[in-house]
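Data file: start_13.txt. Format and content: compact mmCIF, C-alpha atoms.
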```txt
# COMPACT_ATOMS: atom_id res chain seq x y z
CA MET H 188 110.70 105.69 70.49
CA LEU H 189 111.80 102.09 70.78
CA ARG H 190 110.83 99.75 67.98
CA LYS H 191 111.20 96.32 69.52
CA LYS H 192 108.09 95.13 71.35
CA THR H 193 107.47 92.35 73.82
CA THR H 194 105.85 89.22 72.49
CA SER H 195 102.84 89.57 74.75
CA GLY H 196 103.08 93.09 76.14
CA PHE H 197 103.57 91.64 79.63
CA ILE H 198 106.53 91.15 81.95
CA GLU H 199 106.21 87.65 83.37
CA SER H 200 109.79 86.54 84.02
CA VAL H 201 113.34 87.66 84.70
CA GLN H 202 114.04 86.90 81.05
CA ASP H 203 111.46 89.51 80.03
CA VAL H 204 113.20 92.09 82.21
CA GLU H 205 116.57 91.18 80.70
CA ALA H 206 115.16 91.53 77.18
CA GLY H 207 113.88 95.00 78.02
CA VAL H 208 117.20 96.01 79.55
CA LYS H 209 119.06 95.03 76.37
CA VAL H 210 116.80 97.18 74.21
CA LEU H 211 116.92 100.11 76.60
CA ARG H 212 120.72 100.00 76.84
CA ARG H 213 121.05 100.18 73.06
CA ALA H 214 118.46 102.91 72.65
CA CYS H 215 119.07 105.29 75.58
CA PRO H 216 122.31 106.47 77.22
CA LEU H 217 120.43 107.31 80.41
CA MET H 218 119.23 103.74 80.74
CA ARG H 219 122.71 102.49 79.93
CA ARG H 220 124.14 104.62 82.74
CA ALA H 221 121.49 103.48 85.22
CA HIS H 222 122.15 99.84 84.33
CA ASP H 223 125.93 100.27 84.58
CA VAL H 224 125.45 101.50 88.14
CA ALA H 225 122.62 99.29 89.39
CA GLY H 226 122.83 96.13 87.29
CA ASP H 227 119.81 94.06 86.32
CA PRO H 228 116.69 95.10 88.25
CA PRO H 229 114.46 92.54 89.99
CA LEU H 230 111.27 91.19 88.45
CA ARG H 231 109.00 92.62 91.17
CA ARG H 232 105.84 90.76 90.19
CA ARG H 233 102.89 90.01 92.46
CA PRO H 234 99.66 88.16 91.69
CA ALA H 235 96.84 90.24 90.28
CA GLY H 236 93.57 90.46 92.18
CA PHE H 237 92.25 91.77 95.46
CA GLU H 238 95.22 90.72 97.59
CA GLY H 239 97.73 92.21 95.17
CA LEU H 240 95.97 95.58 95.11
CA ALA H 241 95.50 95.53 98.88
CA ARG H 242 99.24 95.05 99.29
CA VAL H 243 99.95 98.04 97.03
CA ILE H 244 97.64 100.16 99.19
CA VAL H 245 99.26 98.98 102.42
CA GLY H 246 102.76 99.75 101.14
CA GLN H 247 102.07 103.24 99.83
CA GLN H 248 104.40 105.92 101.26
CA LEU H 249 106.17 103.40 103.50
CA SER H 250 109.63 101.89 103.47
CA ILE H 251 109.89 98.34 102.18
CA ALA H 252 110.60 97.04 105.68
CA SER H 253 107.66 98.87 107.29
CA ALA H 254 105.27 97.83 104.53
CA ALA H 255 106.35 94.19 104.83
CA ALA H 256 105.89 94.21 108.60
CA ILE H 257 102.39 95.69 108.44
CA TRP H 258 101.38 93.38 105.62
CA GLY H 259 102.64 90.37 107.56
CA ARG H 260 100.53 91.28 110.58
CA LEU H 261 97.49 91.96 108.43
CA ALA H 262 97.80 88.70 106.52
CA GLU H 263 98.18 86.80 109.79
CA ARG H 264 95.08 88.35 111.34
CA LEU H 265 92.85 88.01 108.26
CA ALA H 266 94.07 84.78 106.64
CA PRO H 267 92.87 84.23 104.01
CA LEU H 268 92.97 87.91 103.09
CA THR H 269 89.85 88.50 101.02
CA ALA H 270 87.38 91.33 100.53
CA ASP H 271 84.83 89.55 102.72
CA ALA H 272 87.44 89.05 105.45
CA VAL H 273 88.30 92.76 105.49
CA LEU H 274 84.63 93.76 105.67
CA ALA H 275 84.04 91.34 108.55
CA THR H 276 87.04 92.55 110.56
CA PRO H 277 86.56 95.24 113.24
CA GLU H 278 88.48 98.41 112.48
CA GLU H 279 90.43 98.13 115.73
CA VAL H 280 91.92 94.86 114.45
CA LEU H 281 92.99 96.59 111.24
CA ARG H 282 94.53 99.40 113.27
CA SER H 283 96.38 96.91 115.43
CA ALA H 284 98.15 95.65 112.31
CA GLY H 285 99.59 99.14 111.85
CA LEU H 286 97.22 100.56 109.23
CA SER H 287 96.49 104.27 109.22
CA ALA H 288 92.93 105.54 109.26
CA ALA H 289 93.21 106.59 105.62
CA LYS H 290 94.43 103.15 104.52
CA ILE H 291 91.67 101.45 106.48
CA ARG H 292 89.10 103.59 104.67
CA THR H 293 90.66 102.74 101.32
CA LEU H 294 90.81 99.01 102.07
CA LEU H 295 87.17 99.05 103.16
CA ALA H 296 86.14 100.90 99.99
CA LEU H 297 88.13 98.45 97.88
CA SER H 298 86.63 95.49 99.72
CA GLN H 299 83.11 96.80 99.21
CA ALA H 300 83.74 97.33 95.48
CA ALA H 301 85.20 93.83 95.12
CA ALA H 302 82.51 92.13 97.18
CA THR H 303 79.67 93.76 95.24
CA GLY H 304 81.25 93.15 91.85
CA ALA H 305 81.67 96.86 91.14
CA LEU H 306 85.36 96.06 90.62
CA ASP H 307 86.03 92.93 88.56
CA PHE H 308 89.69 91.94 88.74
CA ALA H 309 89.41 89.42 85.92
CA ASP H 310 88.18 92.16 83.60
CA LEU H 311 90.96 94.52 84.73
CA SER H 312 93.64 92.10 83.56
CA LEU H 313 92.13 92.02 80.07
CA THR H 314 91.37 95.67 79.43
CA ASP H 315 93.51 98.63 78.39
CA GLU H 316 95.44 100.70 80.89
CA ALA H 317 93.19 103.76 80.63
CA ALA H 318 90.17 101.66 81.55
CA VAL H 319 92.06 100.05 84.44
CA HIS H 320 92.96 103.50 85.72
CA GLN H 321 89.39 104.66 85.49
CA ALA H 322 88.04 101.59 87.30
CA LEU H 323 90.59 101.69 90.11
CA CYS H 324 90.47 105.45 90.67
CA ALA H 325 86.69 105.23 90.95
CA VAL H 326 87.29 103.49 94.31
CA LYS H 327 87.53 106.12 97.04
CA GLY H 328 91.10 106.46 98.26
CA ILE H 329 92.78 104.92 95.20
CA GLY H 330 94.74 107.38 93.09
CA PRO H 331 96.89 107.30 89.95
CA TRP H 332 100.03 106.07 91.72
CA THR H 333 98.25 103.05 93.17
CA ALA H 334 96.71 102.27 89.80
CA ASP H 335 100.08 102.59 88.05
CA ILE H 336 101.82 100.27 90.51
CA TYR H 337 99.04 97.68 90.26
CA ILE H 338 99.20 97.74 86.46
CA MET H 339 102.97 97.44 86.51
CA PHE H 340 103.57 94.78 89.15
CA CYS H 341 100.30 92.85 89.45
CA ILE H 342 98.94 92.88 85.90
CA GLY H 343 102.51 93.05 84.58
CA ARG H 344 102.11 95.37 81.61
CA ALA H 345 105.51 95.90 80.00
CA ASP H 346 104.91 99.53 79.11
CA ALA H 347 103.26 100.59 82.39
CA PHE H 348 104.86 103.54 84.15
CA ALA H 349 104.36 105.61 87.31
CA PRO H 350 105.34 109.23 86.58
CA GLY H 351 104.00 110.40 89.94
CA ASP H 352 106.47 108.25 91.88
CA LEU H 353 108.93 110.46 93.77
CA ALA H 354 111.83 107.99 93.59
CA LEU H 355 111.44 107.71 89.82
CA GLN H 356 111.40 111.48 89.46
CA VAL H 357 114.54 111.87 91.58
CA ALA H 358 116.42 108.98 89.94
CA ALA H 359 115.57 110.08 86.39
CA SER H 360 116.64 113.65 87.18
CA HIS H 361 119.92 112.47 88.65
CA VAL H 362 120.80 110.04 85.88
CA ALA H 363 120.06 112.80 83.34
CA GLY H 364 122.36 115.23 85.17
CA LEU H 365 119.59 117.69 86.02
CA ASP H 366 119.80 120.11 88.95
CA THR H 367 116.10 120.00 89.77
CA ARG H 368 113.65 117.13 90.17
CA LEU H 369 111.47 116.35 87.18
CA SER H 370 107.75 116.87 87.57
CA ALA H 371 105.36 114.03 86.81
CA ALA H 372 104.54 115.61 83.45
CA GLU H 373 108.23 116.09 82.60
CA LEU H 374 109.07 112.51 83.57
CA LEU H 375 106.16 111.19 81.50
CA ALA H 376 107.48 113.13 78.50
CA MET H 377 111.00 111.77 79.05
CA ALA H 378 109.65 108.23 79.32
CA GLU H 379 108.28 108.35 75.78
CA ARG H 380 111.76 107.37 74.58
CA TRP H 381 111.52 104.15 76.63
CA ARG H 382 108.37 102.75 75.03
CA PRO H 383 107.36 99.91 74.87
CA TRP H 384 109.60 98.99 77.83
CA ARG H 385 108.72 101.75 80.29
CA GLY H 386 108.00 99.12 82.95
CA VAL H 387 111.60 97.93 82.71
CA ALA H 388 112.87 101.53 82.62
CA ALA H 389 111.01 102.14 85.88
CA ARG H 390 112.60 99.05 87.41
CA LEU H 391 116.05 100.28 86.35
CA LEU H 392 115.45 103.70 87.88
CA TRP H 393 114.17 102.19 91.13
CA ALA H 394 117.28 99.99 91.25
CA TYR H 395 119.46 103.04 90.55
CA TYR H 396 117.84 105.16 93.27
CA PRO H 397 119.42 103.52 96.37
CA HIS H 398 122.86 103.60 94.74
CA MET H 399 122.37 107.30 94.07
CA LYS H 400 121.27 107.95 97.65
CA ARG H 401 124.13 105.95 99.13
CA THR H 402 126.86 107.68 97.12
CA ALA H 403 125.29 111.08 97.76
CA SER H 404 125.37 110.45 101.52
CA GLN H 405 129.06 109.57 101.23
CA GLY H 406 129.78 112.69 99.19
CA GLU H 407 130.96 110.71 96.17
CA PRO H 408 129.99 111.20 92.51
CA ILE H 409 127.99 108.33 91.03
```
Written form, structure tokens:
Amino acid sequence: MLRKKTTSGFIESVQDVEAGVKVLRRACPLMRRAHDVAGDPPLRRRPAGFEGLARVIVGQQLSIASAAAIWGRLAERLAPLTADAVLATPEEVLRSAGLSAAKIRTLLALSQAAATGALDFADLSLTDEAAVHQALCAVKGIGPWTADIYIMFCIGRADAFAPGDLALQVAASHVAGLDTRLSAAELLAMAERWRPWRGVAARLLWAYYPHMKRTASQGEPI
């Protein structure tokens, strides 16, 4: 387990990411290999709150380009994008932005929870990760992956991690030289060595993933 901790426990800047990378490189050969291939990962921070969580929901299981296009249409139609705006918008308008029926249901459930105060975003930013998970997953349609991504990129917790993310499982397996993909439980166990910088380790693995895919498609070793 890593000994050096962040000053605040949050990743707020590129400098925080760079600090985490330095510690991870010294402590873990897998992280050193991922960084040698991919370089410094991006900050990937978004504001906390309703809009940030809504964007995570919209982007789930989509490519970056598709998610950005749908989000752009949604933000244009609902500006400003608030819980009240979502609740006041006919479902056909939400569908016209490119949202699936499942994502519309989740956004409506989230909007209802936010509008009634059942979900308090200010409190979420101040509480521990287990409580954030519990509060978010209590909203119908929100699962552990969505909660993990919100904690990592919107709240900005330095040690947040998303073991259920397929790209992280594949990238970690590849960088470790494994023949089979790690399960969520196996990846979570591996990630113990990256504390308290698991959020930076995740960023490194996500940055490594496209390099891995590109070289694999070209039939070259990475």
Excluding region 316-325 of chain H and its own-chain neighbours fewer than 5 positions away, which residues fall within 6 Å of it when counting all atoms listed in the file? Please give them as a ChimeraX atom specification.
/H:311,330,334
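Between CA of Arg385 (chain H) and CA of Ala221 (chain H) there is a distance of 13.8 Å.
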Identify the residues within 8 Å of coordinate (102.5, 91.2, 83.6) (same frame as the file), considering all atoms listed in the file, and give the answer as a list in words.
Gly196, Phe197, Ile198, Glu199, Arg232, Ile338, Met339, Phe340, Cys341, Ile342, Gly343, Arg344 and Ala345 of chain H
Which is closer to Pro331 (chain H) than all the others in H:Ala266, H:Leu355, H:Ala371, H:Ile257, using only C-alpha atoms?
H:Ala371
Shell of 9 Å around Leu240 (chain H), only C-alpha atoms, local chain residues under 6 positions omitted, as a PyMOL selection string
chain H and resi 234+297+333-334+336-337+341
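Separating CA of Ala349 (chain H) from CA of Leu374 (chain H) is a distance of 9.2 Å.
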